[in-house]
Structures are given as structure tokens and as C-alpha cells.
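Here the structure is laid out as C-alpha cells; the discussion comes afterwards.
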Amino acid sequence: MSVDLDEIDRRAVEVLDGFLVRKDLVRTFSRQFPVPTYVVEFLLGRYCASVDPEEIEEGLKIVQRQLQSRTVRAGEEELFKSRAREDGEIKLIDIITARLDTKTDTYVAVLPSLQIKDARISPELVSEHERMLTGGFYAEITLRYDAAIAKEKAGRPFGVESIREIQLSSRDVLAKLGKARERFNTEEWKDFLLRSIGMEPAGLEPRQKDALLLRMVPFVERNYNLVDLGPRGTGKSHLFQQVSPYAHLISGGKATVAKMFVNNANGQRGLVCQYDVVCFDEVSGVSFDQKDGVNIMKGYMESGEFSRGKESIRADGSIVLVGNFDVDVEHQQRIGHLFGPMPPEMRDDTAFMDRIHAFLPGWDVPKVNNDLLTSHFGLVSDFLSECWNQVRNESRLSLLQGRVQFGGALSGRDTTAVNKTVSGLLKLLYPVAQEVPDVDLEWAVRLALEVRRRVKEQQKRIGAAEFRNTHFSYVMGEDGVEKFVATPELQSTSGIGDDPLEPGQVWTISPGTGEENPGLFRIEVNEGPGSGMKILNKPVPPAFRESMSFAEQNLYARPMQLVGDKDPRHHEFTVQLRAFDAAKSGGKVGVAGIIGMCTALLRRSVRGGLIIVGEVNLGGSIEPVHDPVNLVEIAVEKGAQVIMMPVSCRRQLIDLSDEMATRVDVQFYSDVKDALLKAILD
């Protein structure tokens with residue numbers, strides 16, 4: 001039963017001894033016995049928290065014995081009841097729920113594995129463990145049998161004697177985890193977290209890891225609303241059902257307002273008050289028993305409050321909506337939008353969508369197979385979930401203050417959503433508040449903007465005008481460059497997309513030469529200390545070198561007009577030409593070249609979906625363009641929204657077809673300065 005320990009294992013064993021479990025050991029039991037993973041881990045953590053193979057072997061035997069003697073498999077119910085009668089009591093591991101029997105004014109407990117619906121239980125035990133009144137919880141239960149009561153009319157011979165919740169409740173767990181975190185770098189810590197939920201990070205891409213880490217955010221962030229839609233078999237419900245006793249999974253079907261929020265008959269608080277995370281599995285089949293159920297949920301997702309009569313009740317349970325795509329993501333976007341698998345009352349409601357803080361790209365999560373399951377050490381689930389529960393009371397928003405500025409496309413709700421996601425991700429990376437390096441903060445910001453923008457893109461698809469601007473951006477660091485964040489599934493590989501590029505990047509079409517057809521290019525300019533211009537392409541296409549040389553001389557000749565008080569001679573420009581067609585020479589693109597250099601200096605982006613066409617000569621005049629109609633047609637084919645051309649093309653464009661003229665906005669410029677002002681993002 002030994003396993004090769006790697007560096008992460010060794011460090012974890014040094015600093016978290018007693019809170020670790022080998023995840024492959026967990027799987028041997030969870031397949032055999034009808035209990036969730038965290039129950040098995042609770043026992044393994046008690047008896048097998050060791051690296052010594054002999055101690056592990058001994059502990060495994062104890063765990064095997066306990067699970068064998070205390071869990072009830074289908075068909076064994078009568079055997080266990082008989083044991084209780086013969087021995088007077090039995091110990092079992094089961095989920096326990098309770099209800100008030102108003103006919104007798106007593107509480108009765110329900111033990112599903114024994115099919116007992118009316119075991120006696122004292123009011124003291126019920127008030128000590130209130131969660132048994134909402135969804136119940138797993139516990140080690142001592143069940144007594146009283147023969148005398150069995151003989152009474154309508155007697156209840158079974159009684160719950162004692163309960164031991166299956167959960168760690170040590171108060172200083174967070175401090176221990178924070179201390180352990182100091183021994184790992186960020187990437188190692190992410191891997192260790194993934195191992196703690198049973199996944200092996202070694203074979204995962206960065207985007208796959210990010211998606212799995214996002215699934216953890218509802219556990220550490222209060223009132224966090226997450227949608228996770230994707231293919232079947234990617235373990236969407238595993239985390240919410242198996243890993244934490246603080247989460248409750250509602251399988252598809254009817255959700256009652258009384259169970260979710262509050263029972264108006266007796267004032268009993270619902271799941272969102274009792275659990276950290278309430279997850280709707282197979283969300284497409286979920287409906288509420290009352291007409292206003294979705295509205296109550298919408299109100300709760302907005303403010304964390306719901307009302308019972310005149311009283312307003314606050315709760316901090318996060319809401320997670322999990323469902324399956326029956327088609328791939330590209331097809332889903334062609335036939336509608338990504339909220340398509342939601343129930344009808346949520347699917348096209350932009351107000352409901354606006355309350356979703358993050359749309360997790362479930363299609364980025366690989367299907368779970370044996371290679372993806374880890375055999376290394378991870379945190380015992382109840383220790384991990386206890387830490388997550390405690391860190392919910394904190395916020396990491398102060399870390400953003402003065403370090404990150406969000407762009408103008410974010411509404412108030414967008415900013416709230418992004419802030420919550422960033423806060424949650426940083427709590428996962430740094431369980432105890434501390435200074436966070438820029439690289440980790442930027443990782444969290446980019447991920448948070450992407451998963452919120454995905455929500456906004458679907459609202460835009462439904463046609464709501466107020467959600468039109470989805471170009472999410474942020475500014476970080478002293479140089480203050482505005483960076484845009486896209487959602488990868490919208491990035492067309494052949495088209496240019498409608499997202500603004502980084503400063504210094506410009507789309508252009510070269511009109512071609514006698515033997516070469518026109519083609520789409522992207523010019524990418526970076527600037528730094530030094531002087532002159534360097535083209536990185538090997539070999540440099542002569543036609544492109546000539547265009548860039550004209551662009552460089554024009555920038556040196558009229559810097560005040562173009563870049564104000566910046567002196568371009570004190571900067572070195574490195575330029576790269578990227579071809580997106582068969583054409584390779586990149587000739588006659590000087591106007592785009594000079595705009596690339598100017599925006600790199602000014603640290604400004606050009607508008608998204610824009611192509612700039614035209615050549616400038618050494619004297620600063622704009623050259624005429626040959627066959628502009630063809631260039632506009634190419635721009636439309638490549639997905640451009642705007643094409644900018646010299647004003648001399650205006651007459652020739654009379655021949656442009658009506659269809660083409662309606663599909664792209666053709667704008668004209670008179671000189672380089674005019675082109676620059678029209679190209680730059682407002």
C-alpha cells in the first residue's frame with residue numbers, strides 16, 4: 001500500500017501531520033460502503049493519518065471493521081434492527097434527520113438506512129444539532145431498543161441515545177492551514193488543493209485547474225452565486241455532495257420554498273440558513289412548488305435576504321446551479337445561448353442572470369477517469385471544509401484597493417461579482433490574510449472578469465440593449481496599461497473578434513502585389529528603453545520593412561501631433577508581423593504600422609473589431625488604395641465590424657453591394673492623425 005511521495009507530499013507531511021489522508025485509500029472504501037467521501041475520510045483521518053505503511057495497514061483494518069459493522073447496505077435493515085433488539089443498542093453511521101410530531105408533541109428521528117421514520121429523540125439533542133431539522137447530516141449514532149415500549153400501543157421502541165457529528169470542530173484549523181501555506185509556492189499550493197478534493201493535477205492544463213479551483217469559491221465566499229454547465233461526467237456534483245458536510249445537494253425535481261428558505265407554518269429556517277453551499281443538481285429539471293419561488297430565490301441571490309411575513313431573514317448560503325450540455329459549446333452558442341440548459345423560468349431572464357457572479361466553463365473540465373484521480377496525500381475533507389467555513393467570515397477586497405482599476409464596461413453588479421470572485425480565489429490561495437504578489441492578484445482578476453463576462457455575453461445574446469458593452473478590462477501596476485479579458489469560447493480562430501487588442505496591436509489588410517493576393521495581418525508593436533525600430537520576423541519581408549520604415553520616419557517627423565510630449569526617438573520599437581492568410585509580404589500597411597507604434601507609446605488600445613487599411617509615404621501623404629471593394633469584402637469575411645480607409649476610396653466604394661455595406665461600418669480618414677484619433681478606444 002505504499003506510494004511514491006513527491007515534494008508536495010513531503011512538505012505536507014512535515015507541516016500538516018494528522019490532517020492528511022492518502023486519497024487512493026479513500027476510494028477503496030467509498031465504493032464499498034453507502035456513505036459520502038468525507039465520512040470515510042473522517043475515519044481514515046482518525047486511524048490512518050500516517051506515512052508508516054504498517055500503521056496505515058493497521059488503521060485500514062479498523063476503518064474496514066467500523067464501516068462494515070456500522071453502515072447498512074440495502075437488504076440488511078432487518079439484521080441491524082434484530083441486533084438492536086438482542087443487544088439493547090447498536091452503533092451506526094447514517095444520515096439523521098428529525099421532525100416534530102405535533103400529535104404527540106415530541107420529536108422523532110428518521111434513519112433512512114434502517115427505514116426507521118419514528119425513532120424517539122430528546123428535544124435537547126435536537127436543539128444541539130438543529131441541522132437535522134432541515135437536511136440532516138451524517139453522524140455516528142447510538143440507537144437503543146426498548147422492548148417494554150415496543151409492547152405499548154403505537155409504541156416507538158427505537159430511540160436515539162447519542163450523536164457524534166462527523167466533522168472536525170477544532171477552532172484553530174485556519175491558523176494551522178495558514179502556517180502550512182508558507183511552505184508552498186502558489187502553483188504547488190493549487191496542486192495540493194486539487195489533491196485535497198481527490199484530483200491529480202499532474203495531467204491538467206492551467207485552464208482545467210482554474211475551472212476546478214473556481215468550483216471551490218462558493219465554499220469560501222458568502223452569498224456567492226455560481227453556474228456550472230458542461231458535459232456529463234466531469235464530476236460537477238462530486239464536490240458538493242462528497243467533500244464537505246457544509247454543502248447540501250438538491251437533486252433535480254421540485255424545490256420547496258419552505259425547505260429552501262423558511263417554513264411559514266413553524267418558522268423553521270431553510271437550507272440557505274443551515275448550509276454554506278446549496279447546490280441544485282441537474283438544474284434543468286428544477287422547479288419550485290410555489291409560483292413566486294424563483295422570485296424569492298432571485299431576491300435572495302441579490303441581497304442575501306428573504307422575508308417571512310414582516311420579518312426579513314438574512315442568510316449567507318451560496319447558490320450553485322449545476323447542469324449538463326447535451327451539445328458542445330460552439331453548437332450551444334449557435335442555437336441559442338449558454339444558459340439554454342436552465343429551467344424555462346430562469347433561461348431567458350436577464351435579471352436572474354445578472355445575479356450570477358460567475359459562469360464556470362464546465363467544458364474546460366476533463367471527464368473524470370482513473371488517471372485524473374490522485375493517489376497522493378491531500379487534506380482530510382472535514383479539516384478542509386472546516387477551514388473553508390471559517391474563512392467565509394473574512395473578505396480579501398482590501399487587497400484590490402489602489403492596485404486594480406476596472407474598465408468602464410463593468411456595471412455596479414459586474415464589479416460586485418468580480419470582487420467576490422477575486423476575494424474567493426485569494427482566500428483559496430492564501431487562507432490567512434497576507435500581502436499577495438501582483439502575479440497572483442492578476443491571475444484572480446483575469447479569471448474573475450472572464451467568468452462574469454460570460455454571463456454578460458449571454459445577456460447580450462438575448463438582445464438586451466443595456467448589456468451591449470461586454471469589453472471587460474482592468475488596469476494594474478505603475479505603467480497603467482488597460483488590459484482586456486475575453487471569454488475563449490467566443491474567440492473565433494479565423495475571425496478578428498470584437499475585443500480590443502493590447503496597446504501596440506492593430507489589424508490590417510495588405511492590398512497585395514502583382515503576384516500576391518490581399519491578406520489579413522496583425523502588426524504587434526512593443527516599446528522599451530533605447531532607440532530605433534527592430535522587426536523580429538526572420539527573414540523580414542522587404543515590402544513590410546519599407547512600410548514600417550515610412551511609418552517610423554513619419555512618427556519622428558511629427559511627434560507632437562501624434563503622441564504629444566513623448567519623444568519617440570528615446571524609445572526602441574520591436575515589431576512583429578503575423579500573417580493570417582496565404583499572403584506573407586505585408587506591403588502597404590504603413591498607416592496601421594504608425595498607429596501600432598503610437599498606441600504602444602500612448603499605452604492605449606484601438607477599438608475592437610477594427611481593420612485599418614492604407615499606406616503613408618515619406619512626405620506624410622496617404623497613398624491611393626487599389627480595389628477597395630475587394631478589401632471591404634475581405635474585412636467582412638474576417639469578422640470586422642469597422643474598416644478604416646483613406647477618404648480617396650469613397651468614390652470607388654459606390655460599387656460595394658448593399659449586403660456588404662450593411663455588414664460593416666466603413667469609416668474614412670484624411671491623414672495619419674485623423675486615423676489615429678478615430679482608431680483609439682474612447
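Identifiers in this document derive from the order of the C-alpha cells: chains are assigned A, B, ..., residues are numbered from 1 separately in each chain, and ligands are numbered from 1 in order of occurrence.
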Open item on the list: When you look at range 673-679 of chain A with a cut-off of 10 Å (counting only C-alpha atoms), what residues show up, excluding the ones that are within fewer than 2 positions of it in the same chain? I need them as a VMD selection string.
Closed with: chain A and resid 506 558 561 to 563 591 to 592 594 to 596 598 to 599 605 to 608 610 to 614 642 to 646 667 to 671 681 to 682
Open item on the list: When DSSP is applied to the backbone of this structure, which of range 230-476 of chain A are assigned alpha helix (DSSP H)? Write them out as a ChimeraX atom specification.
Closed with: /A:238,257-260,271-274,293-303,329-335,344-347,350-354,381-391,412-429,438-461
Would you kindly return, as a PDB file with C-alpha atoms, in the first residue's frame, each protein, DNA or RNA residue with an atom no farther than 8 Å from any atom of Leu111 in chain A, considering only C-alpha atoms and excluding same-chain residues fewer than 4 positions away?
ATOM      1  CA  ASP A  94     -26.093   7.185   8.929  1.00  0.00           C
ATOM      2  CA  ILE A  95     -27.624  10.462   7.874  1.00  0.00           C
ATOM      3  CA  ILE A  96     -30.033  11.613  10.580  1.00  0.00           C
ATOM      4  CA  THR A  97     -32.984  13.965  10.147  1.00  0.00           C
ATOM      5  CA  GLN A 115     -36.048   2.702   7.137  1.00  0.00           C
ATOM      6  CA  ILE A 116     -36.942   3.947  10.630  1.00  0.00           C
ATOM      7  CA  LYS A 117     -39.161   7.019  10.443  1.00  0.00           C
ATOM      8  CA  ALA A 119     -37.209   6.884  16.457  1.00  0.00           C
TER       9      ALA A 119
END
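With CA of Glu302 in chain A on one side and CA of Asp414 in chain A on the other, the separation reads 12.3 Å.
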